[in-house]
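Below: upload_1.pdb (PDB, C-alpha atoms)
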ATOM      1  CA  MET A 171     -86.830  -7.045  62.156
ATOM      2  CA  PRO A 172     -84.032  -5.908  59.920
ATOM      3  CA  PRO A 173     -80.667  -7.652  60.087
ATOM      4  CA  PRO A 174     -78.057  -6.025  62.307
ATOM      5  CA  VAL A 175     -75.457  -3.823  60.737
ATOM      6  CA  PHE A 176     -71.909  -4.853  61.508
ATOM      7  CA  THR A 177     -69.181  -2.312  61.411
ATOM      8  CA  PRO A 178     -65.745  -3.439  60.296
ATOM      9  CA  PRO A 179     -62.924  -3.344  62.830
ATOM     10  CA  PRO A 180     -60.731  -0.283  62.749
ATOM     11  CA  GLN A 181     -57.740  -0.429  60.391
ATOM     12  CA  VAL A 182     -54.582  -0.996  62.393
ATOM     13  CA  GLU A 183     -51.160  -1.019  60.782
ATOM     14  CA  GLU A 184     -49.698  -4.545  61.074
ATOM     15  CA  PRO A 185     -46.321  -4.750  62.739
ATOM     16  CA  ARG A 186     -43.545  -5.693  60.323
ATOM     17  CA  ALA A 187     -41.684  -8.928  60.778
ATOM     18  CA  GLU A 188     -38.261  -8.761  62.408
ATOM     19  CA  GLU A 189     -36.631 -10.170  59.276
ATOM     20  CA  SER A 190     -37.832  -7.283  57.133
ATOM     21  CA  LEU A 191     -36.574  -4.803  59.770
ATOM     22  CA  GLU A 192     -33.145  -6.489  59.779
ATOM     23  CA  GLU A 193     -33.020  -6.478  55.980
ATOM     24  CA  GLU A 194     -33.885  -2.809  55.885
ATOM     25  CA  GLN A 195     -31.187  -2.006  58.466
ATOM     26  CA  ALA A 196     -28.623  -4.123  56.601
ATOM     27  CA  GLU A 197     -29.419  -2.352  53.339
ATOM     28  CA  SER A 198     -28.978   1.019  54.959
ATOM     29  CA  THR A 199     -25.603   0.082  56.539
ATOM     30  CA  MET A 200     -24.146  -1.939  53.621
ATOM     31  CA  VAL A 201     -21.160  -0.288  52.010
ATOM     32  CA  ASP A 202     -19.548  -1.265  48.729
ATOM     33  CA  PRO A 203     -16.182  -2.894  49.534
ATOM     34  CA  ASP A 204     -13.130  -1.117  48.243
ATOM     35  CA  SER A 205      -9.950  -2.795  46.961
ATOM     36  CA  ASP A 206      -8.139  -2.443  50.309
ATOM     37  CA  PHE A 207     -10.942  -4.295  52.082
ATOM     38  CA  VAL A 208     -10.907  -7.085  49.455
ATOM     39  CA  GLN A 209      -7.111  -7.444  49.761
ATOM     40  CA  ALA A 210      -7.396  -7.637  53.541
ATOM     41  CA  LEU A 211      -9.946 -10.445  53.209
ATOM     42  CA  GLU A 212      -7.756 -12.306  50.708
ATOM     43  CA  MET A 213      -4.789 -12.078  53.070
ATOM     44  CA  LEU A 214      -6.915 -13.323  55.945
ATOM     45  CA  PHE A 215      -8.190 -16.375  54.060
ATOM     46  CA  SER A 216      -4.804 -17.262  52.586
ATOM     47  CA  LYS A 217      -2.949 -16.719  55.845
ATOM     48  CA  SER A 218      -2.839 -20.403  56.810
ATOM     49  CA  SER A 219      -1.358 -21.426  53.453
ATOM     50  CA  LEU A 220       1.213 -18.588  53.352
ATOM     51  CA  ASN A 221       2.232 -18.733  56.992
ATOM     52  CA  GLU A 222       5.569 -20.512  57.434
ATOM     53  CA  ASP A 223       5.381 -21.036  61.188
ATOM     54  CA  LYS A 224       3.119 -23.702  62.631
ATOM     55  CA  SER A 225       0.068 -21.777  63.696
ATOM     56  CA  LYS A 226      -3.132 -23.352  64.945
ATOM     57  CA  ASP A 227      -4.707 -23.310  61.486
ATOM     58  CA  ALA A 228      -1.573 -24.584  59.759
ATOM     59  CA  SER A 229      -1.279 -27.595  62.059
ATOM     60  CA  PHE A 230      -4.946 -28.382  61.388
ATOM     61  CA  TYR A 231      -4.371 -28.425  57.611
ATOM     62  CA  ASP A 232      -1.140 -30.404  58.020
ATOM     63  CA  SER A 233      -2.961 -33.084  59.988
ATOM     64  CA  ILE A 234      -5.600 -33.399  57.258
ATOM     65  CA  GLY A 235      -2.881 -33.697  54.620
ATOM     66  CA  SER A 236      -0.975 -36.342  56.551
ATOM     67  CA  HIS A 237      -4.099 -38.515  56.873
ATOM     68  CA  LEU A 238      -4.921 -38.196  53.181
ATOM     69  CA  GLU A 239      -1.481 -39.502  52.266
ATOM     70  CA  GLU A 240      -2.075 -42.631  54.351
ATOM     71  CA  LEU A 241      -5.177 -43.685  52.397
ATOM     72  CA  THR A 242      -4.608 -46.545  49.967
ATOM     73  CA  THR A 243      -6.922 -48.436  47.682
ATOM     74  CA  VAL A 244      -7.378 -52.144  48.191
ATOM     75  CA  THR A 245      -8.361 -53.982  45.033
ATOM     76  CA  PRO A 246      -9.931 -57.441  44.853
ATOM     77  CA  LEU A 247      -6.771 -58.663  43.134
ATOM     78  CA  SER A 248      -4.510 -57.419  45.929
ATOM     79  CA  MET A 249      -6.840 -58.944  48.560
ATOM     80  CA  ALA A 250      -6.703 -62.306  46.781
ATOM     81  CA  GLN A 251      -2.924 -62.130  46.332
ATOM     82  CA  THR A 252      -2.372 -61.336  49.991
ATOM     83  CA  TRP A 253      -4.621 -64.150  51.207
ATOM     84  CA  ILE A 254      -3.154 -66.704  48.778
ATOM     85  CA  SER A 255       0.430 -65.814  49.665
ATOM     86  CA  GLN A 256      -0.366 -66.420  53.347
ATOM     87  CA  HIS A 257      -2.620 -69.504  53.091
ATOM     88  CA  ASP A 258      -1.801 -71.481  49.929
ATOM     89  CA  ASP A 259       1.100 -73.902  50.412
ATOM     90  CA  LEU A 260       1.510 -74.365  46.650
ATOM     91  CA  PHE A 261       1.935 -70.655  45.980
ATOM     92  CA  ASP A 262       5.330 -69.824  44.484
ATOM     93  CA  VAL A 263       5.890 -66.315  43.228
ATOM     94  CA  THR A 264       8.205 -67.554  40.455
ATOM     95  CA  SER A 265       5.779 -70.091  38.960
ATOM     96  CA  CYS A 266       2.325 -68.608  39.626
ATOM     97  CA  ALA A 267       0.246 -66.085  37.722
ATOM     98  CA  PHE A 268      -2.810 -63.993  38.568
ATOM     99  CA  THR A 269      -5.506 -62.919  36.128
ATOM    100  CA  THR A 270      -8.626 -60.987  37.031
ATOM    101  CA  SER A 271     -12.084 -60.386  35.574
ATOM    102  CA  ASP A 272     -15.114 -58.507  36.884
ATOM    103  CA  THR A 273     -17.740 -60.539  35.043
ATOM    104  CA  PRO A 274     -20.866 -61.595  36.945
ATOM    105  CA  HIS A 275     -22.135 -63.778  34.060
ATOM    106  CA  VAL A 276     -21.636 -67.531  33.660
ATOM    107  CA  ASP A 277     -20.956 -67.450  29.907
ATOM    108  CA  GLU A 278     -18.276 -64.803  30.298
ATOM    109  CA  ALA A 279     -16.754 -66.724  33.208
ATOM    110  CA  TYR A 280     -16.473 -69.847  30.994
ATOM    111  CA  GLU A 281     -14.903 -67.744  28.252
ATOM    112  CA  PHE A 282     -12.445 -66.205  30.719
ATOM    113  CA  LEU A 283     -11.478 -69.580  32.196
ATOM    114  CA  PHE A 284     -11.004 -71.373  28.866
ATOM    115  CA  THR A 285      -9.156 -68.450  27.274
ATOM    116  CA  ASN A 286      -6.640 -68.564  30.103
ATOM    117  CA  LEU A 287      -6.503 -72.352  29.848
ATOM    118  CA  ALA A 288      -5.802 -72.106  26.092
ATOM    119  CA  MET A 289      -3.037 -69.561  26.599
ATOM    120  CA  GLN A 290      -1.290 -71.748  29.169
ATOM    121  CA  SER A 291      -1.829 -74.966  27.203
ATOM    122  CA  THR A 292       0.182 -73.573  24.276
ATOM    123  CA  GLN A 293       3.160 -73.446  26.630
ATOM    124  CA  PHE A 294       2.668 -76.810  28.329
ATOM    125  CA  LEU A 295       1.667 -78.864  25.299
ATOM    126  CA  SER A 296       4.144 -77.551  22.735
ATOM    127  CA  GLU A 297       6.966 -79.807  21.503
ATOM    128  CA  SER A 298       9.640 -77.459  22.866
ATOM    129  CA  PRO A 299       8.174 -75.429  25.719
ATOM    130  CA  GLU A 300       9.972 -72.168  26.297
ATOM    131  CA  GLN A 301      11.489 -72.113  29.750
ATOM    132  CA  GLY A 302      10.184 -69.463  32.108
ATOM    133  CA  GLU A 303       7.126 -68.669  29.984
ATOM    134  CA  ALA A 304       4.538 -71.070  31.392
ATOM    135  CA  GLN A 305       3.049 -70.741  34.856
ATOM    136  CA  LYS A 306       2.422 -74.029  36.649
ATOM    137  CA  ARG A 307      -0.289 -72.513  38.857
ATOM    138  CA  GLN A 308      -2.664 -69.825  37.706
ATOM    139  CA  TYR A 309      -5.163 -67.953  39.884
ATOM    140  CA  LEU A 310      -8.252 -66.596  38.110
ATOM    141  CA  VAL A 311      -9.738 -63.887  40.329
ATOM    142  CA  LEU A 312     -13.459 -63.358  39.608
ATOM    143  CA  HIS A 313     -14.596 -60.990  42.359
ATOM    144  CA  ASN A 314     -18.119 -60.406  40.917
ATOM    145  CA  PHE A 315     -18.856 -64.014  40.009
ATOM    146  CA  CYS A 316     -21.137 -65.651  42.624
ATOM    147  CA  PRO A 317     -19.499 -63.771  45.525
ATOM    148  CA  SER A 318     -22.137 -64.958  48.009
ATOM    149  CA  SER A 319     -22.856 -68.463  46.736
ATOM    150  CA  ALA A 320     -20.214 -71.124  47.226
ATOM    151  CA  THR A 321     -22.558 -73.854  45.933
ATOM    152  CA  SER A 322     -23.017 -72.045  42.606
ATOM    153  CA  THR A 323     -19.261 -71.642  42.348
ATOM    154  CA  GLU A 324     -18.779 -75.363  43.036
ATOM    155  CA  LYS A 325     -21.360 -76.240  40.380
ATOM    156  CA  PHE A 326     -19.550 -74.033  37.865
ATOM    157  CA  LEU A 327     -16.269 -75.715  38.850
ATOM    158  CA  ARG A 328     -17.690 -79.227  38.305
ATOM    159  CA  GLU A 329     -19.072 -78.290  34.869
ATOM    160  CA  ALA A 330     -15.764 -76.695  33.828
ATOM    161  CA  ASP A 331     -13.908 -79.792  35.028
ATOM    162  CA  ASN A 332     -16.279 -82.016  33.016
ATOM    163  CA  ILE A 333     -15.512 -79.993  29.891
ATOM    164  CA  ILE A 334     -11.766 -80.218  30.532
ATOM    165  CA  ARG A 335     -12.052 -84.014  30.951
ATOM    166  CA  THR A 336     -13.524 -84.297  27.434
ATOM    167  CA  LEU A 337     -10.383 -82.742  25.897
ATOM    168  CA  PRO A 338      -7.842 -85.554  25.325
ATOM    169  CA  SER A 339      -4.808 -83.249  25.336
ATOM    170  CA  LEU A 340      -5.761 -81.613  28.654
ATOM    171  CA  ARG A 341      -7.510 -84.464  30.467
ATOM    172  CA  ASP A 342      -4.555 -85.450  32.667
ATOM    173  CA  LYS A 343      -2.552 -82.235  32.443
ATOM    174  CA  VAL A 344      -4.585 -79.714  34.420
ATOM    175  CA  LYS A 345      -6.607 -79.695  37.621
ATOM    176  CA  ILE A 346      -9.056 -76.999  38.639
ATOM    177  CA  GLU A 347     -10.173 -75.985  42.116
ATOM    178  CA  CYS A 348     -11.856 -72.988  43.694
ATOM    179  CA  LEU A 349     -11.433 -70.708  46.675
ATOM    180  CA  HIS A 350     -14.478 -68.868  48.014
ATOM    181  CA  PRO A 351     -15.462 -66.791  51.082
ATOM    182  CA  GLU A 352     -18.213 -69.320  51.971
ATOM    183  CA  HIS A 353     -16.284 -72.498  51.158
ATOM    184  CA  VAL A 354     -17.026 -75.512  53.381
ATOM    185  CA  GLN A 355     -13.323 -76.159  53.935
ATOM    186  CA  GLU A 356     -11.846 -73.460  56.114
ATOM    187  CA  ASP A 357      -8.462 -73.494  54.363
ATOM    188  CA  LYS A 358     -10.189 -72.533  51.072
ATOM    189  CA  ARG A 359     -12.062 -69.480  52.391
ATOM    190  CA  CYS A 360     -10.441 -66.757  50.355
ATOM    191  CA  PRO A 361     -12.180 -63.348  50.701
ATOM    192  CA  ILE A 362     -12.585 -63.212  46.894
ATOM    193  CA  PRO A 363     -13.846 -66.004  44.571
ATOM    194  CA  VAL A 364     -10.808 -67.516  42.812
ATOM    195  CA  PHE A 365     -10.417 -70.444  40.415
ATOM    196  CA  VAL A 366      -7.048 -72.180  40.434
ATOM    197  CA  LEU A 367      -5.596 -73.959  37.395
ATOM    198  CA  GLN A 368      -2.832 -76.366  38.423
ATOM    199  CA  TRP A 369      -0.730 -77.927  35.666
ATOM    200  CA  THR A 370       0.730 -81.349  36.349
ATOM    201  CA  ASP A 371       3.914 -82.801  34.868
TER     202      ASP A 371
END
Please re-express this file's structure in structure tokens.
Amino acid sequence: MPPPVFTPPPQVEEPRAEESLEEEQAESTMVDPDSDFVQALEMLFSKSSLNEDKSKDASFYDSIGSHLEELTTVTPLSMAQTWISQHDDLFDVTSCAFTTSDTPHVDEAYEFLFTNLAMQSTQFLSESPEQGEAQKRQYLVLHNFCPSSATSTEKFLREADNIIRTLPSLRDKVKIECLHPEHVQEDKRCPIPVFVLQWTD
């Protein structure tokens, strides 16, 4: 028996998608804009900025502008200064200094600390110290240095203090302490890691 012969289905025109119909209609109705139409659009879009009276759109833009003016940046230094001025009894604006560094590395933190110590020691250890130049209390703000590890900060502090104790000219002249967000003592929980150099008379 021979195989059956299949006839193909009749050819039917497929319906076009709605999108193509809409595109075709849009193309047929689209008109090139003339200069009057463009000017009318420009006036419409610039209306809120040119309008002197307080329309609905103008008040919307004014409210956005008023909120943008209220935004301020808070730096780690300003956070530390604010906290220290409110919580440190030894803080005196006339005899304290702030220095900041963004180093996360131990070697750079040592360099930063001892550079500041050297600068202040020239004032305190000179034969005729210039009045008003030296700061008796200096705050070293290191916001990226061990920000979530108070024990590492304490270890760094102990090692720095050990180095200071080996220097005969500084041994009894300066004390170092730290403030940290995770400090065990509540009165030393500054939101930013800070090392404090206190010069003694």
Requested in this report: Enter the distance from atom CA of A:Thr270 to atom CA of A:Leu247, in Å, rounded to one decimal.
Outcome: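 Straight-line distance from atom CA of A:Thr270 to atom CA of A:Leu247 works out to 6.8 Å.
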Requested in this report: Go through the shown structure with the PyMOL selection byres ((chain A and resi 256-267) around 9) and write out the matching residues as a list in words.
Outcome: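 Selected by the PyMOL selection byres ((chain A and resi 256-267) around 9) here: Gln251, Thr252, Trp253, Ile254, Ser255, Phe268, Thr269, Gly302, Ala304, Gln305, Lys306, Arg307, Gln308, Tyr309, Leu310, Asp357, Lys358 and Cys360 of chain A.
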Residue neighbourhood A:Glu347, 7 Å, only C-alpha atoms, exclusion window fewer than 5 positions, as a compact mmCIF listing (two decimals) with C-alpha atoms, in the frame of the given file:
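Final output, part_28.txt:
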# COMPACT_ATOMS: atom_id res chain seq x y z
CA LEU A 327 -16.27 -75.72 38.85
CA PHE A 365 -10.42 -70.44 40.42
CA VAL A 366 -7.05 -72.18 40.43
CA LEU A 367 -5.60 -73.96 37.40
Report task. Would you work out the distance separating atom CA of A:Val276 from atom CA of A:Val354, expressed in Å to one decimal? Result ->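 Going from atom CA of A:Val276 over to atom CA of A:Val354, I get 21.8 Å.
Here atom CA of A:Ser322 stands at a distance of 12.5 Å from atom CA of A:Pro351.
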Requested in this report: Find the residues near A:Leu312: any atom within 10 Å, counting all atoms listed in the file, skip ones fewer than 6 places away on the same chain, and give them as a ChimeraX atom specification.
Outcome: /A:246-247,250,269-274,279,282-283,362-365
May I have the selected residues written with C-alpha atoms, as a PDB file, in the coordinates of the input?
ATOM      1  CA  PRO A 246      -9.931 -57.441  44.853  1.00  0.00           C
ATOM      2  CA  LEU A 247      -6.771 -58.663  43.134  1.00  0.00           C
ATOM      3  CA  ALA A 250      -6.703 -62.306  46.781  1.00  0.00           C
ATOM      4  CA  THR A 269      -5.506 -62.919  36.128  1.00  0.00           C
ATOM      5  CA  THR A 270      -8.626 -60.987  37.031  1.00  0.00           C
ATOM      6  CA  SER A 271     -12.084 -60.386  35.574  1.00  0.00           C
ATOM      7  CA  ASP A 272     -15.114 -58.507  36.884  1.00  0.00           C
ATOM      8  CA  THR A 273     -17.740 -60.539  35.043  1.00  0.00           C
ATOM      9  CA  PRO A 274     -20.866 -61.595  36.945  1.00  0.00           C
ATOM     10  CA  ALA A 279     -16.754 -66.724  33.208  1.00  0.00           C
ATOM     11  CA  PHE A 282     -12.445 -66.205  30.719  1.00  0.00           C
ATOM     12  CA  LEU A 283     -11.478 -69.580  32.196  1.00  0.00           C
ATOM     13  CA  ILE A 362     -12.585 -63.212  46.894  1.00  0.00           C
ATOM     14  CA  PRO A 363     -13.846 -66.004  44.571  1.00  0.00           C
ATOM     15  CA  VAL A 364     -10.808 -67.516  42.812  1.00  0.00           C
ATOM     16  CA  PHE A 365     -10.417 -70.444  40.415  1.00  0.00           C
TER      17      PHE A 365
END
Requested in this report: Check what the PyMOL selection byres ((chain A and resi 284) around 12) selects in the file above and give those residues as a PyMOL selection string.
Outcome: chain A and resi 277-283+285-291+310+330-331+333-334+337+340+344+346+365+367
Query raised in the report: Using all atoms listed in the file, which of the listed residues (A:Leu295, A:Cys316, A:Met249, A:Val175) sits closest to A:Asp342?
Result: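 Closest candidate: A:Leu295.
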